[in-house]
Structure formats: C-alpha cells, structure tokens
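What follows is one structure encoded as structure tokens, with my remarks underneath.
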Amino acid sequence: MAEEPAPIEQLPPYRLEGARSARSSCKGCRKKIDKGVLRLGVLIEGPFGSGYLWFHLKCAAKRRIEDVEAAYVERAWDEGVEVPELESLRKIAAENAEEKKTRKLAPYVEVAPSGRSKCKHCSETIEQGAPRVVLLRAVEFGNQVRNGPIAVHPACVAAALEAPDSATEAPGLVAALRENSTDIDPKVLERAISELGSL
Ligand SMILES: [Zn+2]
Ligand SMILES: [Zn+2]
C-alpha cells in the first residue's frame, strides 16, 4: 500500500480521501490518521519536490477552512467518496474560532458590573463593584464538550479549581490573570490575587 509520489504535474493542489494506510499523521492535532478515515491533503512544494500535508478533515476545518473550501470547489475527491456537507465543516470552523476567543480571554479578573451575579462555587451573591474571577468550566452541548466561563469569588477560586468539570488549571493561573485582566485597576487585581490563597 505504497503512497507513491506521482510526477509533479499530476498532483492536484488538494486531495480529499479515505486514508490509504494508517501511516500518515495529522498536521493539525499531530495524531495518527487511521486507515479509511477522511483526510485532506494540502500540496506543498518543497525543495525536494512536492507532497501533501495531511489533516483529519475535521482538523483541517478547525485550522484552515479556506483550504477546505478550495478543496470542495475543486471537488478534490474521487467518485464514490462520501464527504460531509461543506456547511457542517464551516460550522466546526466557526465554533472553533468562538472557543478560541473564550480560551484566550479567561481566566481573568473583572469587577462585577451589578449585584446580580452569584458565585458558581458558593452560590452567594457577588456584590456590585467587587472583583470576581472568571474561570472556564467544561459544559456539554449534545455530545460535544466546550468550555464556558463561570464567575467566582476570589476566595472561592481554589475550591472551584478542584471541581471535576473545571477547565482552568491552578499552575500558571496567577500569571494568566495578570496577563488577561486588562481593564481593571491593578491594585484591585492584586488584592483579588492575594485572596486566592494557596492554589
Ligand atoms: Zn487531526
Ligand atoms: Zn463564592
């Protein structure tokens, strides 16, 4: 089952196919691509010739939807190969972009804009003007797990990180809070950090 290189002029820019062996690995997630699983090849021209970079189709959708779109325009698959609707791949791309935004923002410290929020750990109200720490928690949507933000009292952070569905980790948390908490008085931020206790 050799994946023999074809002469350059015969290689199309994209190739969408069921993996012919289990020997390629995905350039997106770095995991093995199992035999038969749909993979997208993106042709690259290197100094030693041309070859495909392979991606699980879903990983390609997350990282390079433009290439996926181009492959669909060219119908870069053989007759009889069943490919998912392009729309479902666009959705994966959009969800991934959205999740990245959340991941980048949290964790951070902010000042509670109203007195209406409750701490997700102790369920007590977070007073208006008081600092609250926004952490990430894994939330299930159907059969997908995504990270959603939760707000807790600074003093509740250590316990909240222990929750089984916590998606924020203690190592690096303080550094991340300092980096991400941009629109807060630095003194308020440091006071909130001092209330975290030992993580
Ligand atoms: Zn992958
Ligand atoms: Zn609390």
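Please note that chains go A, B, ... in the order of the structure tokens, that every chain numbers its residues from 1, and that ligands are numbered from 1 in the order shown.
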>> 7 Å from ligand 1 is the threshold here; counting only C-alpha atoms and all ligand atoms, which polymer residues fall inside it? Answer as a list in words.
In response: Cys26, Lys27, Gly28, Cys29, Arg30, Lys31, Phe55, His56, Lys58 and Cys59 of chain A
>> List as number ranges by chain the protein and nucleic acid residues near Glu179 (chain A), meaning an atom at most 12 Å away when only C-alpha atoms are counted, but skip any in the same chain fewer than 3 places from it.
In response: A: 104-109, 172-176, 182-184, 186, 189
>> Taking only C-alpha atoms into account, name the residue in A:Glu85, A:Pro164, A:Ile150, A:Arg39 that is nearest to Tyr52 (chain A).
In response: A:Arg39
Per-residue nearest contacts of chain A to ligand 2 (7 Å; only C-alpha atoms and all ligand atoms) as CSV:
```
residue,atom,partner,partner_atom_place_in_ligand_line,distance
A:Cys119,CA,ligand 2,1 (Zn),4.6
A:Lys120,CA,ligand 2,1 (Zn),6.7
A:His121,CA,ligand 2,1 (Zn),5.1
A:Cys122,CA,ligand 2,1 (Zn),4.1
A:Ser123,CA,ligand 2,1 (Zn),6.2
A:Glu124,CA,ligand 2,1 (Zn),5.8
A:Val152,CA,ligand 2,1 (Zn),5.3
A:His153,CA,ligand 2,1 (Zn),4.3
A:Ala155,CA,ligand 2,1 (Zn),6.7
A:Cys156,CA,ligand 2,1 (Zn),4.7
```
File of the preceding selection, C-alpha atoms, as a compact mmCIF listing (two decimals), in the first residue's frame:
```
# COMPACT_ATOMS: atom_id res chain seq x y z
CA CYS A 119 -20.63 32.81 42.69
CA LYS A 120 -20.72 29.49 40.86
CA HIS A 121 -18.89 27.87 43.72
CA CYS A 122 -20.59 29.03 46.94
CA SER A 123 -23.80 30.35 45.31
CA GLU A 124 -23.57 33.58 47.33
CA VAL A 152 -16.49 33.02 41.36
CA HIS A 153 -15.33 34.98 44.40
CA ALA A 155 -11.59 33.31 47.81
CA CYS A 156 -13.63 30.54 46.13
```
> Quick one, how far is CA of Glu127 (chain A) from CA of Ala192 (chain A)?
Replying inline: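 Interatomic distance here is 13.8 Å.
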>> Give me, as a PyMOL selection string, all polymer residues having an atom no more than 12 Å from Ala167 (chain A), counting only C-alpha atoms and skipping those fewer than 4 positions away in the same chain.
In response: chain A and resi 102-103+106-107+134-139+145-150+160-163+173
>> Using Å and a single decimal, report how far CA of Pro113 (chain A) sits from CA of Ile193 (chain A).
In response: 18.9 Å
> Suppose you want the space between CA of Glu140 (chain A) and CA of Thr168 (chain A); what is it in Å?
Replying inline: 15.9 Å
>> From the options A:Gly41, A:Lys62, A:Pro12, A:Ala112, which residue's atoms come nearest to Glu99 (chain A), counting only C-alpha atoms?
In response: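 Under the stated criterion, the closest residue is A:Lys62.
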Select from chain A everything DSSP, run on the backbone, classes as strand (DSSP E), then give the selection as a compact mmCIF listing (two decimals) with N, CA and C atoms, in the first residue's frame.
```txt
# COMPACT_ATOMS: atom_id res chain seq x y z
N TYR A 14 -5.16 19.86 -3.91
CA TYR A 14 -5.85 19.28 -2.75
C TYR A 14 -6.24 17.86 -3.05
N ARG A 15 -6.27 17.06 -2.00
CA ARG A 15 -6.76 15.69 -2.20
C ARG A 15 -7.54 15.30 -0.95
N LEU A 16 -8.78 14.94 -1.17
CA LEU A 16 -9.65 14.52 -0.06
C LEU A 16 -9.95 13.04 -0.28
N GLU A 17 -9.59 12.24 0.71
CA GLU A 17 -9.71 10.79 0.51
C GLU A 17 -9.76 10.07 1.84
N GLY A 18 -10.20 8.82 1.80
CA GLY A 18 -10.05 7.95 2.95
C GLY A 18 -8.59 7.55 3.01
N LEU A 38 -11.34 9.96 6.65
CA LEU A 38 -11.21 11.05 5.68
C LEU A 38 -10.08 11.99 6.05
N ARG A 39 -9.23 12.23 5.09
CA ARG A 39 -8.13 13.17 5.33
C ARG A 39 -8.02 14.13 4.16
N LEU A 40 -7.56 15.33 4.47
CA LEU A 40 -7.37 16.34 3.43
C LEU A 40 -5.87 16.53 3.22
N GLY A 41 -5.43 16.39 1.99
CA GLY A 41 -4.04 16.65 1.66
C GLY A 41 -3.91 18.03 1.06
N VAL A 42 -2.99 18.82 1.59
CA VAL A 42 -2.71 20.15 1.05
C VAL A 42 -1.32 20.08 0.42
N LEU A 43 -1.26 20.29 -0.87
CA LEU A 43 0.01 20.14 -1.58
C LEU A 43 0.97 21.25 -1.20
N ILE A 44 2.18 20.85 -0.85
CA ILE A 44 3.21 21.87 -0.64
C ILE A 44 4.38 21.57 -1.56
N GLU A 45 4.98 22.64 -2.01
CA GLU A 45 6.15 22.49 -2.88
C GLU A 45 7.37 22.74 -2.01
N GLY A 46 8.16 21.71 -1.87
CA GLY A 46 9.39 21.87 -1.08
C GLY A 46 10.59 21.81 -1.99
N GLY A 49 10.85 18.51 -3.83
CA GLY A 49 9.69 18.03 -4.56
C GLY A 49 8.40 18.40 -3.85
N SER A 50 7.32 17.85 -4.35
CA SER A 50 6.01 18.20 -3.81
C SER A 50 5.47 17.05 -2.98
N GLY A 51 4.65 17.38 -2.05
CA GLY A 51 4.00 16.34 -1.27
C GLY A 51 2.81 16.94 -0.54
N TYR A 52 2.03 16.06 0.05
CA TYR A 52 0.85 16.53 0.76
C TYR A 52 1.11 16.61 2.25
N LEU A 53 0.60 17.67 2.83
CA LEU A 53 0.45 17.71 4.29
C LEU A 53 -0.94 17.17 4.55
N TRP A 54 -1.02 16.21 5.44
CA TRP A 54 -2.32 15.58 5.68
C TRP A 54 -2.96 16.09 6.95
N PHE A 55 -4.25 16.20 6.90
CA PHE A 55 -5.05 16.62 8.06
C PHE A 55 -6.28 15.74 8.15
N HIS A 56 -6.70 15.38 9.37
CA HIS A 56 -8.06 14.88 9.51
C HIS A 56 -8.96 15.96 8.91
N TYR A 108 -9.69 35.51 33.88
CA TYR A 108 -9.38 36.92 34.14
C TYR A 108 -10.15 37.39 35.36
N VAL A 109 -9.76 38.56 35.85
CA VAL A 109 -10.46 39.17 36.97
C VAL A 109 -11.19 40.38 36.44
N GLU A 110 -12.43 40.56 36.87
CA GLU A 110 -13.17 41.75 36.49
C GLU A 110 -13.96 42.22 37.70
N VAL A 111 -14.48 43.43 37.57
CA VAL A 111 -15.30 43.97 38.64
C VAL A 111 -16.75 43.67 38.29
N PRO A 131 -14.47 42.45 43.02
CA PRO A 131 -13.80 41.68 41.97
C PRO A 131 -14.31 40.25 41.92
N ARG A 132 -14.43 39.72 40.72
CA ARG A 132 -14.78 38.31 40.57
C ARG A 132 -13.82 37.70 39.56
N VAL A 133 -13.58 36.42 39.75
CA VAL A 133 -12.62 35.73 38.88
C VAL A 133 -13.41 34.87 37.90
N VAL A 134 -13.11 35.04 36.62
CA VAL A 134 -13.79 34.25 35.59
C VAL A 134 -12.89 33.08 35.20
N LEU A 135 -13.42 31.88 35.41
CA LEU A 135 -12.70 30.65 35.11
C LEU A 135 -13.45 29.91 34.00
N LEU A 136 -12.85 28.86 33.51
CA LEU A 136 -13.54 28.06 32.49
C LEU A 136 -14.01 26.73 33.08
N ARG A 137 -15.16 26.35 32.62
CA ARG A 137 -15.72 25.08 33.05
C ARG A 137 -16.20 24.32 31.82
N ALA A 138 -15.97 23.03 31.81
CA ALA A 138 -16.41 22.21 30.67
C ALA A 138 -17.92 22.05 30.71
N VAL A 139 -18.55 22.36 29.61
CA VAL A 139 -20.01 22.25 29.52
C VAL A 139 -20.36 21.37 28.34
N GLU A 140 -21.31 20.48 28.53
CA GLU A 140 -21.69 19.61 27.43
C GLU A 140 -22.81 20.23 26.60
N PHE A 141 -22.59 20.23 25.27
CA PHE A 141 -23.64 20.63 24.34
C PHE A 141 -23.93 19.42 23.49
N GLN A 144 -21.03 17.22 22.44
CA GLN A 144 -19.79 17.98 22.40
C GLN A 144 -19.49 18.58 23.75
N VAL A 145 -18.23 18.71 24.07
CA VAL A 145 -17.86 19.40 25.31
C VAL A 145 -17.14 20.68 24.93
N ARG A 146 -17.64 21.78 25.48
CA ARG A 146 -16.99 23.06 25.23
C ARG A 146 -16.73 23.76 26.55
N ASN A 147 -15.84 24.73 26.51
CA ASN A 147 -15.52 25.45 27.74
C ASN A 147 -16.33 26.73 27.83
N GLY A 148 -17.02 26.87 28.93
CA GLY A 148 -17.80 28.07 29.15
C GLY A 148 -17.28 28.80 30.38
N PRO A 149 -17.48 30.13 30.43
CA PRO A 149 -16.98 30.92 31.55
C PRO A 149 -17.90 30.83 32.77
N ILE A 150 -17.30 30.81 33.96
CA ILE A 150 -18.06 30.93 35.21
C ILE A 150 -17.36 31.98 36.06
N ALA A 151 -18.12 32.68 36.89
CA ALA A 151 -17.54 33.69 37.77
C ALA A 151 -17.60 33.21 39.22
N VAL A 152 -16.53 33.40 39.94
CA VAL A 152 -16.49 33.02 41.36
C VAL A 152 -15.81 34.11 42.18
```
> Which polymer residues have any atom within 8 Å of an atom of Arg23 (chain A), counting only C-alpha atoms, with same-chain residues fewer than 4 positions away left out, as an MDAnalysis selection string?
Replying inline: chainID A and resid 32:35
Residues from the last selection, C-alpha atoms, saved as a CSV table (one decimal), in the first residue's frame:
```csv
chain,number,residue,atom,x,y,z
A,32,LYS,CA,-2.2,9.3,13.6
A,33,ILE,CA,-4.8,9.2,10.8
A,34,ASP,CA,-6.4,5.8,10.9
A,35,LYS,CA,-6.8,3.9,7.7
```
> Using the chain letters and numbers from this document, which residues of region 4-197 of chain A does DSSP assign to alpha helix (DSSP H), as an MDAnalysis selection string?
Replying inline: chainID A and resid 57:63 65:73 86:105 157:162 173:180 186:194
Keeping C-alpha atoms for every residue in the selection just given, could you write it to a file as a PDB file, in the first residue's frame?
```pdb
ATOM      1  CA  LEU A  57     -10.832  16.621   7.603  1.00  0.00           C
ATOM      2  CA  LYS A  58     -12.270  17.984  10.844  1.00  0.00           C
ATOM      3  CA  CYS A  59      -8.875  19.244  11.998  1.00  0.00           C
ATOM      4  CA  ALA A  60      -8.451  20.988   8.643  1.00  0.00           C
ATOM      5  CA  ALA A  61     -11.852  22.625   9.148  1.00  0.00           C
ATOM      6  CA  LYS A  62     -10.721  23.944  12.524  1.00  0.00           C
ATOM      7  CA  ARG A  63      -7.405  25.293  11.342  1.00  0.00           C
ATOM      8  CA  ILE A  65     -11.184  26.277   6.475  1.00  0.00           C
ATOM      9  CA  GLU A  66     -10.003  28.240   3.395  1.00  0.00           C
ATOM     10  CA  ASP A  67      -8.212  25.118   2.164  1.00  0.00           C
ATOM     11  CA  VAL A  68     -11.273  23.001   2.881  1.00  0.00           C
ATOM     12  CA  GLU A  69     -13.401  25.438   0.887  1.00  0.00           C
ATOM     13  CA  ALA A  70     -10.950  25.332  -2.011  1.00  0.00           C
ATOM     14  CA  ALA A  71     -10.893  21.527  -1.965  1.00  0.00           C
ATOM     15  CA  TYR A  72     -14.683  21.494  -2.149  1.00  0.00           C
ATOM     16  CA  VAL A  73     -14.700  23.955  -5.032  1.00  0.00           C
ATOM     17  CA  LEU A  86     -19.356  21.792   3.492  1.00  0.00           C
ATOM     18  CA  GLU A  87     -21.806  23.620   5.732  1.00  0.00           C
ATOM     19  CA  SER A  88     -21.101  21.234   8.632  1.00  0.00           C
ATOM     20  CA  LEU A  89     -17.368  21.911   8.278  1.00  0.00           C
ATOM     21  CA  ARG A  90     -17.952  25.666   8.256  1.00  0.00           C
ATOM     22  CA  LYS A  91     -19.835  25.192  11.481  1.00  0.00           C
ATOM     23  CA  ILE A  92     -16.885  23.383  13.038  1.00  0.00           C
ATOM     24  CA  ALA A  93     -14.622  26.243  11.956  1.00  0.00           C
ATOM     25  CA  ALA A  94     -16.923  28.870  13.439  1.00  0.00           C
ATOM     26  CA  GLU A  95     -17.309  27.003  16.727  1.00  0.00           C
ATOM     27  CA  ASN A  96     -13.587  26.571  16.995  1.00  0.00           C
ATOM     28  CA  ALA A  97     -12.990  30.279  16.417  1.00  0.00           C
ATOM     29  CA  GLU A  98     -15.558  31.091  19.077  1.00  0.00           C
ATOM     30  CA  GLU A  99     -13.974  28.703  21.550  1.00  0.00           C
ATOM     31  CA  LYS A 100     -10.538  30.118  20.894  1.00  0.00           C
ATOM     32  CA  LYS A 101     -11.826  33.559  21.793  1.00  0.00           C
ATOM     33  CA  THR A 102     -13.144  32.271  25.106  1.00  0.00           C
ATOM     34  CA  ARG A 103      -9.969  30.385  25.798  1.00  0.00           C
ATOM     35  CA  LYS A 104      -7.926  33.469  25.184  1.00  0.00           C
ATOM     36  CA  LEU A 105      -9.975  35.663  27.445  1.00  0.00           C
ATOM     37  CA  VAL A 157     -11.150  30.029  43.279  1.00  0.00           C
ATOM     38  CA  ALA A 158      -9.053  27.313  44.936  1.00  0.00           C
ATOM     39  CA  ALA A 159     -12.122  25.197  45.655  1.00  0.00           C
ATOM     40  CA  ALA A 160     -13.639  25.881  42.218  1.00  0.00           C
ATOM     41  CA  LEU A 161     -10.475  24.595  40.538  1.00  0.00           C
ATOM     42  CA  GLU A 162     -10.972  21.285  42.349  1.00  0.00           C
ATOM     43  CA  LEU A 173      -3.296  30.808  36.852  1.00  0.00           C
ATOM     44  CA  VAL A 174      -1.907  33.881  38.604  1.00  0.00           C
ATOM     45  CA  ALA A 175       0.283  34.761  35.621  1.00  0.00           C
ATOM     46  CA  ALA A 176      -2.678  34.297  33.278  1.00  0.00           C
ATOM     47  CA  LEU A 177      -4.863  36.537  35.461  1.00  0.00           C
ATOM     48  CA  ARG A 178      -2.254  39.299  35.361  1.00  0.00           C
ATOM     49  CA  GLU A 179      -1.963  38.984  31.610  1.00  0.00           C
ATOM     50  CA  ASN A 180      -5.652  38.718  30.757  1.00  0.00           C
ATOM     51  CA  PRO A 186      -4.016  46.938  39.035  1.00  0.00           C
ATOM     52  CA  LYS A 187      -4.453  47.422  42.778  1.00  0.00           C
ATOM     53  CA  VAL A 188      -7.845  45.743  42.711  1.00  0.00           C
ATOM     54  CA  LEU A 189      -6.366  42.957  40.643  1.00  0.00           C
ATOM     55  CA  GLU A 190      -3.507  42.357  43.068  1.00  0.00           C
ATOM     56  CA  ARG A 191      -5.860  42.408  46.026  1.00  0.00           C
ATOM     57  CA  ALA A 192      -8.042  39.806  44.305  1.00  0.00           C
ATOM     58  CA  ILE A 193      -4.978  37.680  43.582  1.00  0.00           C
ATOM     59  CA  SER A 194      -3.931  37.873  47.223  1.00  0.00           C
TER      60      SER A 194
END
```
